[in-house]
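Participant: The following block contains the structure, expressed as structure tokens.
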Amino acid sequence: MPITEPGDTTLLAAALRELTEETGIPGSAVVPVGECPVHIDVHPIPANPAKGEPDHRHFDFRFVFRTAADVGDLQSEEVTDAAWRAAGTIEDGTLRGRVLLALRR
């Protein structure tokens, strides 16, 4: 199962595409904070017969972007909610630390 789509030239490009698709924020309104992911999360995904997908591992490559834009139309098939919040309130301690470090650069 591919982690990117055919037009994606880098993981960062894939992250930007996903951000725009899922949040409605135009790519021109965001600036990446670095070119490398700040965190990689790996977790199991159960089989989904409706999509013809067997159980598998899912890899989230997490990047940090800066923007002053508002969240637009959410992609309802994949996103149920989106909100801005302070980086210091991220519950996962490892992710919080890496985001805060990236924002200091």
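Ordering of the structure tokens sets the chain letters (A, B, ...), residue numbers begin anew at 1 in every chain, and ligands are numbered from 1 in the order given.
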If we count only C-alpha atoms and set the cut-off at 10 Å, which residues sit around A:Val30, ignoring sequence neighbours fewer than 3 positions away in its own chain? Please answer as an NGL selection string.
Facilitator: :A and (16 or 19-20 or 25-27 or 33 or 64-69)
Participant: List as a short mmCIF file (atom, residue, chain, number, x, y, z; two decimals) with N, CA, C and O atoms, in the first residue's frame the protein and nucleic acid residues near A:Leu12, meaning an atom at most 12 Å away when only C-alpha atoms are counted, but skip any in the same chain fewer than 4 places from it.
Facilitator:
data_model
loop_
_atom_site.label_atom_id
_atom_site.label_comp_id
_atom_site.auth_asym_id
_atom_site.auth_seq_id
_atom_site.Cartn_x
_atom_site.Cartn_y
_atom_site.Cartn_z
N ILE A 3 2.42 5.02 0.43
CA ILE A 3 2.27 6.06 1.45
C ILE A 3 2.08 7.43 0.82
O ILE A 3 1.77 8.39 1.50
N THR A 4 2.28 7.50 -0.48
CA THR A 4 2.10 8.75 -1.20
C THR A 4 1.27 8.48 -2.44
O THR A 4 0.96 7.34 -2.77
N ASP A 8 3.13 13.05 -5.82
CA ASP A 8 3.93 13.50 -4.69
C ASP A 8 5.41 13.26 -4.97
O ASP A 8 5.82 12.15 -5.25
N LEU A 16 1.74 18.23 2.57
CA LEU A 16 1.08 19.48 2.16
C LEU A 16 -0.20 19.18 1.38
O LEU A 16 -1.23 19.80 1.60
N ARG A 17 -0.15 18.20 0.49
CA ARG A 17 -1.34 17.81 -0.27
C ARG A 17 -2.44 17.33 0.69
O ARG A 17 -3.59 17.74 0.59
N GLU A 18 -2.07 16.47 1.62
CA GLU A 18 -3.04 15.96 2.59
C GLU A 18 -3.63 17.10 3.42
O GLU A 18 -4.83 17.14 3.68
N LEU A 19 -2.78 18.02 3.85
CA LEU A 19 -3.25 19.16 4.64
C LEU A 19 -4.30 19.95 3.86
O LEU A 19 -5.37 20.25 4.40
N GLY A 27 -2.55 25.46 0.02
CA GLY A 27 -1.12 25.28 0.20
C GLY A 27 -0.35 26.58 0.18
O GLY A 27 0.69 26.70 0.83
N VAL A 31 3.43 27.51 5.44
CA VAL A 31 4.88 27.42 5.28
C VAL A 31 5.37 26.26 6.14
O VAL A 31 5.07 26.20 7.33
N PRO A 32 6.11 25.31 5.54
CA PRO A 32 6.61 24.21 6.36
C PRO A 32 7.69 24.68 7.32
O PRO A 32 8.46 25.58 7.02
N VAL A 33 7.72 24.06 8.49
CA VAL A 33 8.78 24.32 9.47
C VAL A 33 9.76 23.15 9.32
O VAL A 33 9.61 22.13 9.96
N GLY A 34 10.68 23.28 8.41
CA GLY A 34 11.63 22.21 8.13
C GLY A 34 11.13 21.28 7.05
O GLY A 34 9.96 21.30 6.66
N GLU A 35 12.05 20.45 6.55
CA GLU A 35 11.71 19.53 5.46
C GLU A 35 11.58 18.08 5.92
O GLU A 35 11.26 17.22 5.13
N CYS A 36 11.85 17.83 7.20
CA CYS A 36 11.78 16.47 7.73
C CYS A 36 10.60 16.35 8.69
O CYS A 36 10.21 17.32 9.33
N PRO A 37 10.04 15.15 8.79
CA PRO A 37 8.96 14.97 9.77
C PRO A 37 9.48 15.20 11.18
O PRO A 37 10.63 14.90 11.49
N VAL A 38 8.63 15.73 12.04
CA VAL A 38 9.00 15.90 13.45
C VAL A 38 8.67 14.65 14.25
O VAL A 38 9.15 14.48 15.37
N ASP A 60 2.16 7.36 10.04
CA ASP A 60 1.88 8.80 9.97
C ASP A 60 3.21 9.54 10.05
O ASP A 60 3.91 9.46 11.06
N PHE A 61 3.55 10.25 8.99
CA PHE A 61 4.73 11.11 8.98
C PHE A 61 4.22 12.51 9.31
O PHE A 61 3.50 13.11 8.50
N ARG A 62 4.56 13.02 10.46
CA ARG A 62 3.99 14.27 10.95
C ARG A 62 4.96 15.44 10.74
O ARG A 62 6.09 15.41 11.22
N PHE A 63 4.47 16.43 10.01
CA PHE A 63 5.23 17.64 9.72
C PHE A 63 4.57 18.80 10.45
O PHE A 63 3.40 18.75 10.80
N VAL A 64 5.33 19.88 10.62
CA VAL A 64 4.79 21.10 11.21
C VAL A 64 4.75 22.16 10.13
O VAL A 64 5.72 22.36 9.40
N PHE A 65 3.60 22.84 10.04
CA PHE A 65 3.42 23.94 9.11
C PHE A 65 2.95 25.16 9.90
O PHE A 65 2.26 25.03 10.90
#
Participant: Could you please write out, as an MDAnalysis selection string, every residue of chain A that DSSP assigns to strand (DSSP E)?
Facilitator: chainID A and resid 30:32 39:45 56:62 65:67
Participant: I need the residues from that last selection saved to file as a PDB file, in the first residue's frame (with N, CA and C atoms), if you can.
Facilitator:
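Just written: selection26.pdb:
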ATOM      1  N   VAL A  30       0.340  28.227   3.732  1.00  0.00           N
ATOM      2  CA  VAL A  30       1.128  27.573   4.776  1.00  0.00           C
ATOM      3  C   VAL A  30       2.604  27.563   4.416  1.00  0.00           C
ATOM      4  N   VAL A  31       3.430  27.506   5.444  1.00  0.00           N
ATOM      5  CA  VAL A  31       4.880  27.422   5.276  1.00  0.00           C
ATOM      6  C   VAL A  31       5.369  26.258   6.136  1.00  0.00           C
ATOM      7  N   PRO A  32       6.106  25.314   5.540  1.00  0.00           N
ATOM      8  CA  PRO A  32       6.615  24.208   6.358  1.00  0.00           C
ATOM      9  C   PRO A  32       7.695  24.681   7.320  1.00  0.00           C
ATOM     10  N   HIS A  39       7.849  13.777  13.673  1.00  0.00           N
ATOM     11  CA  HIS A  39       7.412  12.580  14.398  1.00  0.00           C
ATOM     12  C   HIS A  39       6.893  11.567  13.393  1.00  0.00           C
ATOM     13  N   ILE A  40       7.118  10.295  13.662  1.00  0.00           N
ATOM     14  CA  ILE A  40       6.562   9.224  12.847  1.00  0.00           C
ATOM     15  C   ILE A  40       5.806   8.301  13.786  1.00  0.00           C
ATOM     16  N   ASP A  41       4.530   8.119  13.508  1.00  0.00           N
ATOM     17  CA  ASP A  41       3.684   7.258  14.331  1.00  0.00           C
ATOM     18  C   ASP A  41       3.300   6.032  13.515  1.00  0.00           C
ATOM     19  N   VAL A  42       3.429   4.855  14.105  1.00  0.00           N
ATOM     20  CA  VAL A  42       3.057   3.601  13.450  1.00  0.00           C
ATOM     21  C   VAL A  42       1.996   2.935  14.307  1.00  0.00           C
ATOM     22  N   HIS A  43       0.857   2.607  13.686  1.00  0.00           N
ATOM     23  CA  HIS A  43      -0.220   1.976  14.445  1.00  0.00           C
ATOM     24  C   HIS A  43      -1.001   1.008  13.556  1.00  0.00           C
ATOM     25  N   PRO A  44      -1.622  -0.004  14.172  1.00  0.00           N
ATOM     26  CA  PRO A  44      -2.368  -0.992  13.388  1.00  0.00           C
ATOM     27  C   PRO A  44      -3.711  -0.433  12.922  1.00  0.00           C
ATOM     28  N   ILE A  45      -4.117  -0.844  11.734  1.00  0.00           N
ATOM     29  CA  ILE A  45      -5.432  -0.505  11.181  1.00  0.00           C
ATOM     30  C   ILE A  45      -6.147  -1.831  10.938  1.00  0.00           C
ATOM     31  N   HIS A  56      -3.579  -3.864   8.441  1.00  0.00           N
ATOM     32  CA  HIS A  56      -2.240  -3.423   8.063  1.00  0.00           C
ATOM     33  C   HIS A  56      -1.721  -2.397   9.062  1.00  0.00           C
ATOM     34  N   ARG A  57      -0.474  -2.050   8.925  1.00  0.00           N
ATOM     35  CA  ARG A  57       0.126  -0.996   9.740  1.00  0.00           C
ATOM     36  C   ARG A  57       0.042   0.307   8.973  1.00  0.00           C
ATOM     37  N   HIS A  58      -0.235   1.376   9.707  1.00  0.00           N
ATOM     38  CA  HIS A  58      -0.344   2.707   9.118  1.00  0.00           C
ATOM     39  C   HIS A  58       0.789   3.561   9.657  1.00  0.00           C
ATOM     40  N   PHE A  59       1.469   4.267   8.768  1.00  0.00           N
ATOM     41  CA  PHE A  59       2.580   5.140   9.144  1.00  0.00           C
ATOM     42  C   PHE A  59       2.153   6.588   8.959  1.00  0.00           C
ATOM     43  N   ASP A  60       2.162   7.363  10.037  1.00  0.00           N
ATOM     44  CA  ASP A  60       1.882   8.795   9.965  1.00  0.00           C
ATOM     45  C   ASP A  60       3.207   9.536  10.050  1.00  0.00           C
ATOM     46  N   PHE A  61       3.555  10.250   8.992  1.00  0.00           N
ATOM     47  CA  PHE A  61       4.728  11.110   8.982  1.00  0.00           C
ATOM     48  C   PHE A  61       4.217  12.509   9.305  1.00  0.00           C
ATOM     49  N   ARG A  62       4.564  13.017  10.463  1.00  0.00           N
ATOM     50  CA  ARG A  62       3.992  14.273  10.950  1.00  0.00           C
ATOM     51  C   ARG A  62       4.959  15.436  10.740  1.00  0.00           C
ATOM     52  N   PHE A  65       3.599  22.836  10.043  1.00  0.00           N
ATOM     53  CA  PHE A  65       3.418  23.938   9.107  1.00  0.00           C
ATOM     54  C   PHE A  65       2.952  25.160   9.895  1.00  0.00           C
ATOM     55  N   ARG A  66       3.326  26.332   9.428  1.00  0.00           N
ATOM     56  CA  ARG A  66       2.838  27.592  10.015  1.00  0.00           C
ATOM     57  C   ARG A  66       1.803  28.181   9.065  1.00  0.00           C
ATOM     58  N   THR A  67       0.750  28.790   9.655  1.00  0.00           N
ATOM     59  CA  THR A  67      -0.261  29.475   8.853  1.00  0.00           C
ATOM     60  C   THR A  67      -1.077  30.401   9.742  1.00  0.00           C
TER      61      THR A  67
END
Participant: Using Å and a single decimal, report how far atom CA of A:Trp84 sits from atom CA of A:Thr23.
Facilitator: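 A separation of 11.6 Å between them.
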Participant: In terms of the shortest atom-to-atom distance over only C-alpha atoms, which of A:Asp55, A:Glu22, A:Glu5, A:Arg96 is closest to A:Asp81?
Facilitator: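 Looking only at the distances to A:Asp81, the closest residue turns out to be A:Glu22.
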Participant: One decimal, Å: what's the distance from atom CA of A:Val71 over to atom CA of A:Ala83, could you say?
Facilitator: 7.6 Å
Participant: Of the candidates A:Glu21, A:Glu91, A:Gly7, A:Pro49, which shows the shortest atom-to-atom distance to A:Leu74, using only C-alpha atoms?
Facilitator: A:Glu21
Participant: Which of stretch 10-98 of chain A counts as helix (DSSP H, G or I) under DSSP, as an MDAnalysis selection string please?
Facilitator: chainID A and resid 11:23 27:29 49:51 87:89 93:98
